$ cat target.pdb   # PDB, C-alpha atoms
ATOM      1  CA  MET W   1       0.000   0.000   0.000
ATOM      2  CA  THR W   2       1.561   3.246  -1.094
ATOM      3  CA  GLY W   3       0.371   6.756  -0.341
ATOM      4  CA  ALA W   4      -1.600   6.860  -3.581
ATOM      5  CA  ASP W   5      -3.457   3.687  -2.597
ATOM      6  CA  VAL W   6      -4.388   5.090   0.799
ATOM      7  CA  LEU W   7      -5.631   8.301  -0.830
ATOM      8  CA  LEU W   8      -7.620   6.368  -3.427
ATOM      9  CA  LEU W   9      -9.198   4.208  -0.721
ATOM     10  CA  ALA W  10     -10.154   7.190   1.428
ATOM     11  CA  LEU W  11     -11.536   9.240  -1.474
ATOM     12  CA  GLY W  12     -13.369   6.214  -2.842
ATOM     13  CA  ALA W  13     -14.957   5.566   0.549
ATOM     14  CA  VAL W  14     -16.074   9.212   0.739
ATOM     15  CA  ALA W  15     -17.486   9.068  -2.814
ATOM     16  CA  VAL W  16     -19.413   5.834  -2.240
ATOM     17  CA  GLY W  17     -20.690   6.997   1.156
ATOM     18  CA  ALA W  18     -21.924  10.297  -0.276
ATOM     19  CA  GLY W  19     -23.440   8.381  -3.202
ATOM     20  CA  VAL W  20     -25.400   6.177  -0.792
ATOM     21  CA  LEU W  21     -26.707   9.315   0.907
ATOM     22  CA  VAL W  22     -27.690  10.850  -2.467
ATOM     23  CA  VAL W  23     -29.931   7.906  -3.317
ATOM     24  CA  THR W  24     -31.368   7.389   0.181
ATOM     25  CA  THR W  25     -31.823  10.822   1.778
ATOM     26  CA  LYS W  26     -35.316  12.203   2.379
ATOM     27  CA  HIS W  27     -34.275  15.839   1.837
ATOM     28  CA  LEU W  28     -34.154  17.048  -1.763
ATOM     29  CA  VAL W  29     -31.686  19.864  -1.165
ATOM     30  CA  ARG W  30     -29.421  17.639   0.925
ATOM     31  CA  ALA W  31     -29.288  15.153  -1.960
ATOM     32  CA  GLY W  32     -27.799  17.936  -4.101
ATOM     33  CA  LEU W  33     -25.269  18.817  -1.418
ATOM     34  CA  TYR W  34     -24.235  15.169  -0.946
ATOM     35  CA  LEU W  35     -23.800  15.041  -4.716
ATOM     36  CA  VAL W  36     -21.271  17.884  -4.366
ATOM     37  CA  VAL W  37     -19.315  15.811  -1.832
ATOM     38  CA  CYS W  38     -19.402  12.758  -4.088
ATOM     39  CA  LEU W  39     -18.271  14.651  -7.194
ATOM     40  CA  GLY W  40     -15.559  16.465  -5.249
ATOM     41  CA  ALA W  41     -14.172  13.179  -3.950
ATOM     42  CA  LEU W  42     -14.156  11.860  -7.506
ATOM     43  CA  ALA W  43     -12.240  14.964  -8.627
ATOM     44  CA  GLY W  44      -9.678  14.091  -5.934
ATOM     45  CA  ASP W  45      -9.540  10.559  -7.331
ATOM     46  CA  PHE W  46      -8.798  11.986 -10.781
ATOM     47  CA  LEU W  47      -5.981  14.097  -9.322
ATOM     48  CA  VAL W  48      -4.418  11.027  -7.679
ATOM     49  CA  LEU W  49      -4.760   9.151 -10.966
ATOM     50  CA  SER W  50      -2.688  11.957 -12.593
ATOM     51  CA  ALA W  51      -5.589  13.319 -14.674
ATOM     52  CA  GLU W  52      -5.121  16.946 -13.699
ATOM     53  CA  LEU W  53      -7.136  18.603 -16.454
ATOM     54  CA  VAL W  54     -10.078  16.212 -16.049
ATOM     55  CA  ALA W  55     -10.098  16.876 -12.298
ATOM     56  CA  TRP W  56     -10.331  20.640 -12.703
ATOM     57  CA  VAL W  57     -12.902  20.375 -15.494
ATOM     58  CA  GLN W  58     -14.891  18.116 -13.172
ATOM     59  CA  VAL W  59     -14.813  20.749 -10.428
ATOM     60  CA  LEU W  60     -15.734  23.527 -12.872
ATOM     61  CA  ILE W  61     -18.532  21.811 -14.785
ATOM     62  CA  TYR W  62     -19.997  19.324 -12.320
ATOM     63  CA  VAL W  63     -19.586  21.001  -8.954
ATOM     64  CA  GLY W  64     -19.842  24.487 -10.427
ATOM     65  CA  ALA W  65     -22.532  24.213 -13.084
ATOM     66  CA  VAL W  66     -24.449  20.941 -12.997
ATOM     67  CA  VAL W  67     -25.144  20.891  -9.256
ATOM     68  CA  VAL W  68     -26.181  24.545  -9.303
ATOM     69  CA  LEU W  69     -28.584  23.770 -12.163
ATOM     70  CA  LEU W  70     -29.984  20.820 -10.218
ATOM     71  CA  LEU W  71     -30.494  22.961  -7.118
ATOM     72  CA  PHE W  72     -32.218  25.583  -9.279
ATOM     73  CA  ALA W  73     -34.544  22.865 -10.557
ATOM     74  CA  VAL W  74     -35.228  21.726  -6.995
ATOM     75  CA  MET W  75     -36.249  25.272  -6.084
ATOM     76  CA  LEU W  76     -38.231  25.960  -9.281
ATOM     77  CA  THR W  77     -40.326  22.830  -8.780
ATOM     78  CA  ARG W  78     -41.317  24.102  -5.306
ATOM     79  CA  ALA W  79     -39.677  21.287  -3.399
ATOM     80  CA  PRO W  80     -40.697  21.278   0.255
ATOM     81  CA  ILE W  81     -38.097  22.304   2.821
ATOM     82  CA  GLY W  82     -37.500  19.437   5.195
ATOM     83  CA  ALA W  83     -38.080  15.738   4.787
ATOM     84  CA  SER W  84     -40.501  14.469   2.134
ATOM     85  CA  ASP W  85     -42.091  11.065   2.532
ATOM     86  CA  ASP W  86     -43.144  10.436  -1.067
ATOM     87  CA  LEU W  87     -39.735  10.430  -2.751
ATOM     88  CA  ASP W  88     -39.374   6.677  -3.132
ATOM     89  CA  ARG W  89     -41.086   3.827  -4.867
ATOM     90  CA  PRO W  90     -41.190   0.344  -3.308
ATOM     91  CA  GLY W  91     -37.545  -0.601  -3.212
ATOM     92  CA  TRP W  92     -36.770  -4.257  -3.643
ATOM     93  CA  PRO W  93     -36.680  -4.479  -7.496
ATOM     94  CA  ALA W  94     -34.465  -1.398  -7.585
ATOM     95  CA  ALA W  95     -32.219  -2.861  -4.890
ATOM     96  CA  LEU W  96     -32.069  -6.152  -6.759
ATOM     97  CA  ILE W  97     -31.126  -4.604 -10.121
ATOM     98  CA  GLY W  98     -28.841  -1.902  -8.723
ATOM     99  CA  GLY W  99     -27.114  -4.246  -6.314
ATOM    100  CA  GLY W 100     -26.788  -6.857  -9.027
ATOM    101  CA  ALA W 101     -25.222  -4.368 -11.437
ATOM    102  CA  GLY W 102     -22.860  -2.943  -8.819
ATOM    103  CA  LEU W 103     -21.762  -6.230  -7.271
ATOM    104  CA  GLY W 104     -21.529  -7.965 -10.654
ATOM    105  CA  LEU W 105     -19.267  -5.250 -12.029
ATOM    106  CA  THR W 106     -17.241  -5.345  -8.797
ATOM    107  CA  ALA W 107     -16.718  -9.106  -9.065
ATOM    108  CA  LEU W 108     -15.763  -8.785 -12.734
ATOM    109  CA  LEU W 109     -13.208  -6.024 -12.137
ATOM    110  CA  VAL W 110     -11.734  -7.621  -9.011
ATOM    111  CA  ASP W 111     -11.311 -10.857 -10.936
ATOM    112  CA  ALA W 112      -9.662  -8.978 -13.814
ATOM    113  CA  TYR W 113      -7.166  -6.930 -11.800
ATOM    114  CA  ARG W 114      -6.706  -8.840  -8.490
ATOM    115  CA  TRP W 115      -4.181  -6.937  -6.383
ATOM    116  CA  SER W 116      -1.827  -5.997  -9.213
ATOM    117  CA  THR W 117       0.187  -2.813  -9.392
ATOM    118  CA  VAL W 118       0.710  -0.411 -12.284
ATOM    119  CA  ALA W 119       2.971   2.603 -12.545
ATOM    120  CA  LEU W 120       1.226   5.940 -12.964
ATOM    121  CA  PRO W 121       1.742   7.435 -16.445
ATOM    122  CA  ALA W 122       2.850  10.985 -17.151
ATOM    123  CA  ALA W 123       0.372  13.519 -15.775
ATOM    124  CA  GLY W 124      -2.463  14.501 -18.119
ATOM    125  CA  THR W 125      -1.842  18.223 -18.126
ATOM    126  CA  ALA W 126      -3.749  20.668 -20.293
ATOM    127  CA  GLU W 127      -0.835  20.812 -22.748
ATOM    128  CA  ARG W 128      -0.679  17.049 -23.365
ATOM    129  CA  LEU W 129      -4.464  16.615 -23.515
ATOM    130  CA  GLY W 130      -4.795  19.623 -25.827
ATOM    131  CA  GLU W 131      -2.256  18.117 -28.215
ATOM    132  CA  GLN W 132      -4.238  14.881 -28.281
ATOM    133  CA  ILE W 133      -7.628  16.560 -28.719
ATOM    134  CA  PHE W 134      -6.542  18.874 -31.525
ATOM    135  CA  GLN W 135      -4.445  16.279 -33.368
ATOM    136  CA  SER W 136      -6.148  12.900 -33.031
ATOM    137  CA  TRP W 137      -9.628  13.761 -31.840
ATOM    138  CA  VAL W 138     -10.524  16.876 -33.836
ATOM    139  CA  LEU W 139     -13.583  15.398 -35.555
ATOM    140  CA  PRO W 140     -15.294  14.159 -32.330
ATOM    141  CA  PHE W 141     -14.485  17.512 -30.761
ATOM    142  CA  GLU W 142     -16.236  19.405 -33.574
ATOM    143  CA  VAL W 143     -19.201  17.015 -33.504
ATOM    144  CA  LEU W 144     -19.494  17.675 -29.761
ATOM    145  CA  SER W 145     -19.644  21.411 -30.388
ATOM    146  CA  VAL W 146     -22.556  20.861 -32.783
ATOM    147  CA  LEU W 147     -24.216  18.645 -30.177
ATOM    148  CA  LEU W 148     -23.881  21.332 -27.510
ATOM    149  CA  LEU W 149     -25.435  23.870 -29.868
ATOM    150  CA  SER W 150     -28.353  21.579 -30.662
ATOM    151  CA  ALA W 151     -28.875  20.838 -26.954
ATOM    152  CA  LEU W 152     -28.974  24.586 -26.312
ATOM    153  CA  VAL W 153     -31.525  25.165 -29.076
ATOM    154  CA  GLY W 154     -33.527  22.156 -27.900
ATOM    155  CA  ALA W 155     -33.681  23.419 -24.325
ATOM    156  CA  ILE W 156     -34.867  26.825 -25.523
ATOM    157  CA  VAL W 157     -37.535  25.331 -27.804
ATOM    158  CA  LEU W 158     -38.744  23.061 -24.992
ATOM    159  CA  SER W 159     -39.132  25.857 -22.497
ATOM    160  CA  ARG W 160     -40.753  28.409 -24.843
ATOM    161  CA  PRO W 161     -44.370  27.356 -25.465
ATOM    162  CA  ASP W 162     -44.815  29.890 -28.262
ATOM    163  CA  ILE W 163     -42.158  28.373 -30.540
ATOM    164  CA  GLY W 164     -43.088  25.568 -32.901
ATOM    165  CA  ARG W 165     -46.757  26.506 -33.109
ATOM    166  CA  ALA W 166     -48.531  26.905 -36.450
ATOM    167  CA  GLY W 167     -49.076  30.614 -36.045
ATOM    168  CA  PRO W 168     -49.930  33.326 -33.533
ATOM    169  CA  PRO W 169     -53.256  32.810 -31.755
ATOM    170  CA  ALA W 170     -56.123  34.404 -33.628
ATOM    171  CA  ASP W 171     -57.772  36.324 -30.770
ATOM    172  CA  GLY W 172     -56.964  37.544 -27.299
ATOM    173  CA  ARG W 173     -58.828  34.744 -25.565
ATOM    174  CA  ALA W 174     -56.632  32.111 -27.137
ATOM    175  CA  ALA W 175     -53.539  34.086 -26.162
ATOM    176  CA  ASP W 176     -54.618  33.904 -22.530
ATOM    177  CA  LEU W 177     -54.797  30.135 -22.785
ATOM    178  CA  VAL W 178     -51.264  29.704 -24.103
ATOM    179  CA  ASP W 179     -49.693  29.855 -20.646
ATOM    180  CA  SER W 180     -51.832  27.145 -19.143
ATOM    181  CA  GLU W 181     -51.743  24.962 -22.258
ATOM    182  CA  SER W 182     -48.000  25.303 -22.966
ATOM    183  CA  GLY W 183     -46.501  22.678 -25.151
ATOM    184  CA  GLY W 184     -49.230  20.078 -25.461
ATOM    185  CA  ARG W 185     -48.415  19.633 -29.144
ATOM    186  CA  ARG W 186     -44.879  18.484 -28.602
TER     187      ARG W 186
ATOM    188  CA  MET D   1      -0.950   2.285  -7.598
ATOM    189  CA  ARG D   2      -3.461  -0.563  -7.334
ATOM    190  CA  PRO D   3      -6.045  -0.063 -10.124
ATOM    191  CA  VAL D   4      -8.569  -2.328  -8.433
ATOM    192  CA  ILE D   5      -9.427   0.381  -5.856
ATOM    193  CA  PRO D   6     -10.776   3.021  -8.280
ATOM    194  CA  TYR D   7     -12.351   0.291 -10.422
ATOM    195  CA  VAL D   8     -14.320  -1.055  -7.459
ATOM    196  CA  THR D   9     -15.293   2.494  -6.450
ATOM    197  CA  ALA D  10     -16.639   3.099  -9.954
ATOM    198  CA  ALA D  11     -18.552  -0.200 -10.011
ATOM    199  CA  LEU D  12     -20.221   0.557  -6.674
ATOM    200  CA  LEU D  13     -21.110   4.105  -7.774
ATOM    201  CA  PHE D  14     -22.659   2.753 -10.973
ATOM    202  CA  GLY D  15     -24.753   0.304  -8.972
ATOM    203  CA  LEU D  16     -25.889   3.144  -6.712
ATOM    204  CA  GLY D  17     -26.859   5.194  -9.759
ATOM    205  CA  VAL D  18     -28.931   2.340 -11.191
ATOM    206  CA  TYR D  19     -30.609   1.875  -7.814
ATOM    207  CA  GLY D  20     -31.369   5.602  -7.584
ATOM    208  CA  VAL D  21     -32.852   5.806 -11.092
ATOM    209  CA  LEU D  22     -35.172   2.880 -10.373
ATOM    210  CA  ARG D  23     -36.057   3.867  -6.809
ATOM    211  CA  ARG D  24     -36.630   7.613  -6.877
ATOM    212  CA  ARG D  25     -39.943   9.179  -7.847
ATOM    213  CA  ASN D  26     -38.795  12.798  -8.094
ATOM    214  CA  ALA D  27     -37.462  13.553 -11.596
ATOM    215  CA  VAL D  28     -34.703  15.844 -10.277
ATOM    216  CA  LEU D  29     -33.420  13.035  -8.047
ATOM    217  CA  VAL D  30     -33.516  10.679 -11.040
ATOM    218  CA  LEU D  31     -31.282  13.146 -12.901
ATOM    219  CA  MET D  32     -28.895  13.215  -9.918
ATOM    220  CA  SER D  33     -28.659   9.420 -10.048
ATOM    221  CA  VAL D  34     -27.900   9.597 -13.773
ATOM    222  CA  GLU D  35     -25.042  11.957 -12.902
ATOM    223  CA  LEU D  36     -23.725   9.336 -10.472
ATOM    224  CA  MET D  37     -23.680   6.743 -13.263
ATOM    225  CA  LEU D  38     -21.941   9.105 -15.696
ATOM    226  CA  ASN D  39     -19.282   9.870 -13.098
ATOM    227  CA  ALA D  40     -18.690   6.176 -12.484
ATOM    228  CA  VAL D  41     -18.044   5.800 -16.207
ATOM    229  CA  ASN D  42     -15.643   8.754 -16.086
ATOM    230  CA  LEU D  43     -13.714   7.126 -13.245
ATOM    231  CA  ILE D  44     -13.492   3.871 -15.223
ATOM    232  CA  LEU D  45     -12.183   5.767 -18.270
ATOM    233  CA  VAL D  46      -9.540   7.675 -16.306
ATOM    234  CA  THR D  47      -8.402   4.524 -14.498
ATOM    235  CA  ALA D  48      -8.249   2.577 -17.752
ATOM    236  CA  ASP D  49      -5.999   5.330 -19.050
ATOM    237  CA  THR D  50      -3.443   4.340 -16.405
ATOM    238  CA  THR D  51      -3.749   0.550 -16.775
ATOM    239  CA  ALA D  52      -4.059   0.125 -20.553
ATOM    240  CA  ARG D  53      -1.337   1.349 -22.854
ATOM    241  CA  ALA D  54      -3.225   2.590 -25.901
ATOM    242  CA  VAL D  55      -1.715   3.631 -29.232
ATOM    243  CA  LEU D  56      -2.746   7.229 -28.620
ATOM    244  CA  PRO D  57      -1.592   8.524 -25.231
ATOM    245  CA  HIS D  58      -4.218   9.847 -22.792
ATOM    246  CA  SER D  59      -7.166   8.711 -24.902
ATOM    247  CA  GLY D  60      -9.041   7.628 -21.758
ATOM    248  CA  GLN D  61      -8.812  11.116 -20.308
ATOM    249  CA  VAL D  62      -9.891  12.677 -23.611
ATOM    250  CA  PHE D  63     -12.932  10.403 -23.567
ATOM    251  CA  ALA D  64     -13.657  11.417 -19.978
ATOM    252  CA  LEU D  65     -13.692  15.063 -21.097
ATOM    253  CA  PHE D  66     -16.101  14.175 -23.916
ATOM    254  CA  VAL D  67     -18.394  12.390 -21.447
ATOM    255  CA  ILE D  68     -18.392  15.475 -19.192
ATOM    256  CA  VAL D  69     -19.503  17.618 -22.154
ATOM    257  CA  LEU D  70     -22.237  15.103 -22.997
ATOM    258  CA  ALA D  71     -23.400  15.158 -19.364
ATOM    259  CA  ALA D  72     -23.616  18.952 -19.443
ATOM    260  CA  ALA D  73     -25.789  18.832 -22.579
ATOM    261  CA  GLU D  74     -27.916  16.066 -21.078
ATOM    262  CA  ILE D  75     -28.562  17.947 -17.856
ATOM    263  CA  GLY D  76     -29.575  21.077 -19.777
ATOM    264  CA  VAL D  77     -32.189  19.325 -21.891
ATOM    265  CA  GLY D  78     -33.267  17.094 -18.980
ATOM    266  CA  LEU D  79     -33.969  20.035 -16.699
ATOM    267  CA  ALA D  80     -35.863  21.821 -19.489
ATOM    268  CA  ILE D  81     -38.071  18.739 -19.800
ATOM    269  CA  VAL D  82     -38.542  18.511 -16.013
ATOM    270  CA  LEU D  83     -39.541  22.166 -15.732
ATOM    271  CA  GLN D  84     -41.932  21.822 -18.678
ATOM    272  CA  LEU D  85     -43.447  18.774 -16.977
ATOM    273  CA  TYR D  86     -43.874  20.757 -13.777
ATOM    274  CA  ARG D  87     -45.582  23.563 -15.680
ATOM    275  CA  LEU D  88     -47.954  21.116 -17.394
ATOM    276  CA  ARG D  89     -48.803  18.767 -14.521
ATOM    277  CA  ALA D  90     -47.710  20.655 -11.361
ATOM    278  CA  THR D  91     -45.778  17.559 -10.268
ATOM    279  CA  VAL D  92     -42.360  16.085 -10.973
ATOM    280  CA  ALA D  93     -43.127  12.547  -9.807
ATOM    281  CA  VAL D  94     -42.159  10.317 -12.705
ATOM    282  CA  ASP D  95     -44.830   7.680 -12.078
ATOM    283  CA  ASP D  96     -47.582  10.312 -12.235
ATOM    284  CA  VAL D  97     -46.753  10.959 -15.895
ATOM    285  CA  PRO D  98     -49.341   9.387 -18.203
ATOM    286  CA  LEU D  99     -47.801   7.517 -21.113
ATOM    287  CA  THR D 100     -50.766   8.282 -23.398
ATOM    288  CA  GLU D 101     -51.137  11.306 -25.661
ATOM    289  CA  PRO D 102     -51.531  14.617 -23.829
ATOM    290  CA  SER D 103     -54.970  15.212 -25.392
ATOM    291  CA  ASP D 104     -56.169  11.990 -23.775
ATOM    292  CA  PRO D 105     -57.872  12.717 -20.432
ATOM    293  CA  VAL D 106     -56.515   9.513 -18.806
ATOM    294  CA  GLY D 107     -54.426  10.380 -15.740
ATOM    295  CA  GLY D 108     -53.441  13.865 -14.622
ATOM    296  CA  ARG D 109     -55.593  16.878 -15.280
ATOM    297  CA  GLU D 110     -56.910  17.428 -18.739
ATOM    298  CA  PRO D 111     -54.888  19.990 -20.678
ATOM    299  CA  VAL D 112     -56.685  22.911 -22.278
ATOM    300  CA  VAL D 113     -56.913  22.583 -26.056
ATOM    301  CA  LEU D 114     -56.707  25.674 -28.230
ATOM    302  CA  GLU D 115     -59.594  26.210 -30.607
ATOM    303  CA  SER D 116     -57.240  26.492 -33.547
ATOM    304  CA  GLU D 117     -55.793  23.086 -32.675
ATOM    305  CA  ALA D 118     -59.058  21.368 -31.861
ATOM    306  CA  GLY D 119     -60.215  21.803 -35.444
ATOM    307  CA  ARG D 120     -57.325  19.782 -36.871
TER     308      ARG D 120
END
$ encode --input "target.pdb" --output "structure tokens"
Amino acid sequence: MTGADVLLLALGAVAVGAGVLVVTTKHLVRAGLYLVVCLGALAGDFLVLSAELVAWVQVLIYVGAVVVLLLFAVMLTRAPIGASDDLDRPGWPAALIGGGAGLGLTALLVDAYRWSTVALPAAGTAERLGEQIFQSWVLPFEVLSVLLLSALVGAIVLSRPDIGRAGPPADGRAADLVDSESGGRR
Amino acid sequence: MRPVIPYVTAALLFGLGVYGVLRRRNAVLVLMSVELMLNAVNLILVTADTTARAVLPHSGQVFALFVIVLAAAEIGVGLAIVLQLYRLRATVAVDDVPLTEPSDPVGGREPVVLESEAGR
């Protein structure tokens, strides 16, 4: 056991523990905050695994943007403050499938790698990853930019009920109904 | 560095994500569980970058970056859908969503139909 192993064990335990709390807690807002802990521990894992750029992108995008968006959604859907009792469905099929997937993958990976040791490669700094992305992976990178643009347009179209309709409503009464009707044609 | 430790962490996180997606009723919590699964995949990719010697160096980490971008796009569209659902049905419980056409009055409250659409 080297220092890296101890760090990986500790950060992995924190990530899995926070993950358990995310899927079991009764408080919606606390689930988002436990998700921050889980994603932060994973960013630490990436740092130990010498993926520096991925770790900082993880902190920026996941902890910075995605969790904030999720908390916004929790607030915009008028989530109750405090514990809610109706968050869960009956649990045993979910426990069966989730536990089966997790433990099956664990058995597979433990069998594949046992207790072997590998040397850490050179650190994945922004310079090395940038060389790779803009030399070998340019086409996927460009396709991803198109995908981001289409996701942006799709989100806007979804949340604007007046886009994608045949025409403007004929009279004022119909215009009043647009807000309550909102998107039934999609 | 023993690669089995991050691999097992990722496998357990993926199992937790699957459990959360199947167990939770609130759509925002379902999205959080999906994020757990995507992060487990990221951890697998980054760890595989250290254990497997590929032809292109650091391809696992490049793929992890791509998955992060995909997750950002997914969460944007997913939250737009969740908020639209809340506006339509005033609930975000995924098993309250009727699987029939929205003009069908089965389940949920009946949506108002515009006169210009009702004639079609």
$ residues_around --input "target.pdb" --residues "W:Cys38" --least-positions-apart "5" --cutoff "12 Å" --atoms "all atoms listed in the file" --output "number ranges by chain"
W: 11-23, 31-33, 43-45, 58-59, 62-63, 67; D: 9-10, 13, 16, 32-33, 35-37, 39-40
$ write_last_selection --input "target.pdb" --atoms "C-alpha atoms" --output "PDB file, in the coordinates of the input"
ATOM      1  CA  LEU W  11     -11.536   9.240  -1.474  1.00  0.00           C
ATOM      2  CA  GLY W  12     -13.369   6.214  -2.842  1.00  0.00           C
ATOM      3  CA  ALA W  13     -14.957   5.566   0.549  1.00  0.00           C
ATOM      4  CA  VAL W  14     -16.074   9.212   0.739  1.00  0.00           C
ATOM      5  CA  ALA W  15     -17.486   9.068  -2.814  1.00  0.00           C
ATOM      6  CA  VAL W  16     -19.413   5.834  -2.240  1.00  0.00           C
ATOM      7  CA  GLY W  17     -20.690   6.997   1.156  1.00  0.00           C
ATOM      8  CA  ALA W  18     -21.924  10.297  -0.276  1.00  0.00           C
ATOM      9  CA  GLY W  19     -23.440   8.381  -3.202  1.00  0.00           C
ATOM     10  CA  VAL W  20     -25.400   6.177  -0.792  1.00  0.00           C
ATOM     11  CA  LEU W  21     -26.707   9.315   0.907  1.00  0.00           C
ATOM     12  CA  VAL W  22     -27.690  10.850  -2.467  1.00  0.00           C
ATOM     13  CA  VAL W  23     -29.931   7.906  -3.317  1.00  0.00           C
ATOM     14  CA  ALA W  31     -29.288  15.153  -1.960  1.00  0.00           C
ATOM     15  CA  GLY W  32     -27.799  17.936  -4.101  1.00  0.00           C
ATOM     16  CA  LEU W  33     -25.269  18.817  -1.418  1.00  0.00           C
ATOM     17  CA  ALA W  43     -12.240  14.964  -8.627  1.00  0.00           C
ATOM     18  CA  GLY W  44      -9.678  14.091  -5.934  1.00  0.00           C
ATOM     19  CA  ASP W  45      -9.540  10.559  -7.331  1.00  0.00           C
ATOM     20  CA  GLN W  58     -14.891  18.116 -13.172  1.00  0.00           C
ATOM     21  CA  VAL W  59     -14.813  20.749 -10.428  1.00  0.00           C
ATOM     22  CA  TYR W  62     -19.997  19.324 -12.320  1.00  0.00           C
ATOM     23  CA  VAL W  63     -19.586  21.001  -8.954  1.00  0.00           C
ATOM     24  CA  VAL W  67     -25.144  20.891  -9.256  1.00  0.00           C
TER      25      VAL W  67
ATOM     26  CA  THR D   9     -15.293   2.494  -6.450  1.00  0.00           C
ATOM     27  CA  ALA D  10     -16.639   3.099  -9.954  1.00  0.00           C
ATOM     28  CA  LEU D  13     -21.110   4.105  -7.774  1.00  0.00           C
ATOM     29  CA  LEU D  16     -25.889   3.144  -6.712  1.00  0.00           C
ATOM     30  CA  MET D  32     -28.895  13.215  -9.918  1.00  0.00           C
ATOM     31  CA  SER D  33     -28.659   9.420 -10.048  1.00  0.00           C
ATOM     32  CA  GLU D  35     -25.042  11.957 -12.902  1.00  0.00           C
ATOM     33  CA  LEU D  36     -23.725   9.336 -10.472  1.00  0.00           C
ATOM     34  CA  MET D  37     -23.680   6.743 -13.263  1.00  0.00           C
ATOM     35  CA  ASN D  39     -19.282   9.870 -13.098  1.00  0.00           C
ATOM     36  CA  ALA D  40     -18.690   6.176 -12.484  1.00  0.00           C
TER      37      ALA D  40
END
$ residues_near_point --input "target.pdb" --point "(-26.2, 24.5, -7.0)" --cutoff "12 Å" --atoms "all atoms listed in the file" --output "PyMOL selection string"
(chain W and resi 29-36+61-75) or (chain D and resi 32)
$ write_last_selection --input "target.pdb" --atoms "C-alpha atoms" --output "compact mmCIF listing (two decimals), in the frame of the given file"
# COMPACT_ATOMS: atom_id res chain seq x y z
CA VAL W 29 -31.69 19.86 -1.16
CA ARG W 30 -29.42 17.64 0.92
CA ALA W 31 -29.29 15.15 -1.96
CA GLY W 32 -27.80 17.94 -4.10
CA LEU W 33 -25.27 18.82 -1.42
CA TYR W 34 -24.24 15.17 -0.95
CA LEU W 35 -23.80 15.04 -4.72
CA VAL W 36 -21.27 17.88 -4.37
CA ILE W 61 -18.53 21.81 -14.78
CA TYR W 62 -20.00 19.32 -12.32
CA VAL W 63 -19.59 21.00 -8.95
CA GLY W 64 -19.84 24.49 -10.43
CA ALA W 65 -22.53 24.21 -13.08
CA VAL W 66 -24.45 20.94 -13.00
CA VAL W 67 -25.14 20.89 -9.26
CA VAL W 68 -26.18 24.54 -9.30
CA LEU W 69 -28.58 23.77 -12.16
CA LEU W 70 -29.98 20.82 -10.22
CA LEU W 71 -30.49 22.96 -7.12
CA PHE W 72 -32.22 25.58 -9.28
CA ALA W 73 -34.54 22.86 -10.56
CA VAL W 74 -35.23 21.73 -7.00
CA MET W 75 -36.25 25.27 -6.08
CA MET D 32 -28.90 13.22 -9.92
$ residues_around --input "target.pdb" --residues "stretch 48-56 of chain D" --least-positions-apart "4" --cutoff "8 Å" --atoms "all atoms listed in the file" --output "PDB file with C-alpha atoms, keeping the file's coordinate frame"
ATOM      1  CA  LEU W  49      -4.760   9.151 -10.966  1.00  0.00           C
ATOM      2  CA  VAL W 118       0.710  -0.411 -12.284  1.00  0.00           C
ATOM      3  CA  ALA W 119       2.971   2.603 -12.545  1.00  0.00           C
ATOM      4  CA  LEU W 120       1.226   5.940 -12.964  1.00  0.00           C
ATOM      5  CA  PRO W 121       1.742   7.435 -16.445  1.00  0.00           C
ATOM      6  CA  GLN W 132      -4.238  14.881 -28.281  1.00  0.00           C
ATOM      7  CA  SER W 136      -6.148  12.900 -33.031  1.00  0.00           C
TER       8      SER W 136
ATOM      9  CA  PRO D   3      -6.045  -0.063 -10.124  1.00  0.00           C
ATOM     10  CA  ILE D  44     -13.492   3.871 -15.223  1.00  0.00           C
ATOM     11  CA  GLY D  60      -9.041   7.628 -21.758  1.00  0.00           C
ATOM     12  CA  GLN D  61      -8.812  11.116 -20.308  1.00  0.00           C
TER      13      GLN D  61
END
$ closest_residue --input "target.pdb" --among "W:Ala107, W:Ala83, W:Ala126, W:Leu9" --to "W:Ala51" --atoms "all atoms listed in the file"
W:Ala126
$ atom_distance --input "target.pdb" --atom1 "atom CA of D:Val34" --atom2 "atom CA of W:Asp111"
26.5 Å
$ resolve_selection --input "target.pdb" --expression "the PyMOL selection byres ((chain D and resi 82) around 12)" --output "PyMOL selection string"
(chain W and resi 69-70+72-74+76-77+155+158-159) or (chain D and resi 26-31+75-81+83-94+97)
$ closest_residue --input "target.pdb" --among "W:Gly130, W:Gly3, W:Gly98, W:Pro140" --to "chain D" --atoms "all atoms listed in the file"
W:Gly98
$ resolve_selection --input "target.pdb" --expression "the PyMOL selection byres ((chain W and resi 128) around 12)" --output "list of chain:residue names"
W:Ala51, W:Glu52, W:Leu53, W:Val54, W:Ala122, W:Ala123, W:Gly124, W:Thr125, W:Ala126, W:Glu127, W:Leu129, W:Gly130, W:Glu131, W:Gln132, W:Ile133, W:Phe134, W:Gln135, W:Ser136, D:Leu56, D:Pro57, D:His58, D:Ser59, D:Gln61, D:Val62
$ closest_residue --input "target.pdb" --among "W:Trp92, W:Val48, W:Ala101, W:Val157" --to "chain D" --atoms "only C-alpha atoms"
W:Ala101
$ closest_residue --input "target.pdb" --among "D:Met1, D:Pro6, D:Ile68, D:Phe14" --to "W:Trp56" --atoms "all atoms listed in the file"
D:Ile68
$ axis_aligned_box --input "target.pdb" --around "stretch 89-99 of chain W" --padding-each-side "4 Å" --output "AutoDock Vina command-line options"
--center_x -34.2 --center_y -1.2 --center_z -6.7 --size_x 22.1 --size_y 18.0 --size_z 14.9
$ atom_distance --input "target.pdb" --atom1 "atom CA of D:Val21" --atom2 "atom CA of W:Thr106"
19.3 Å
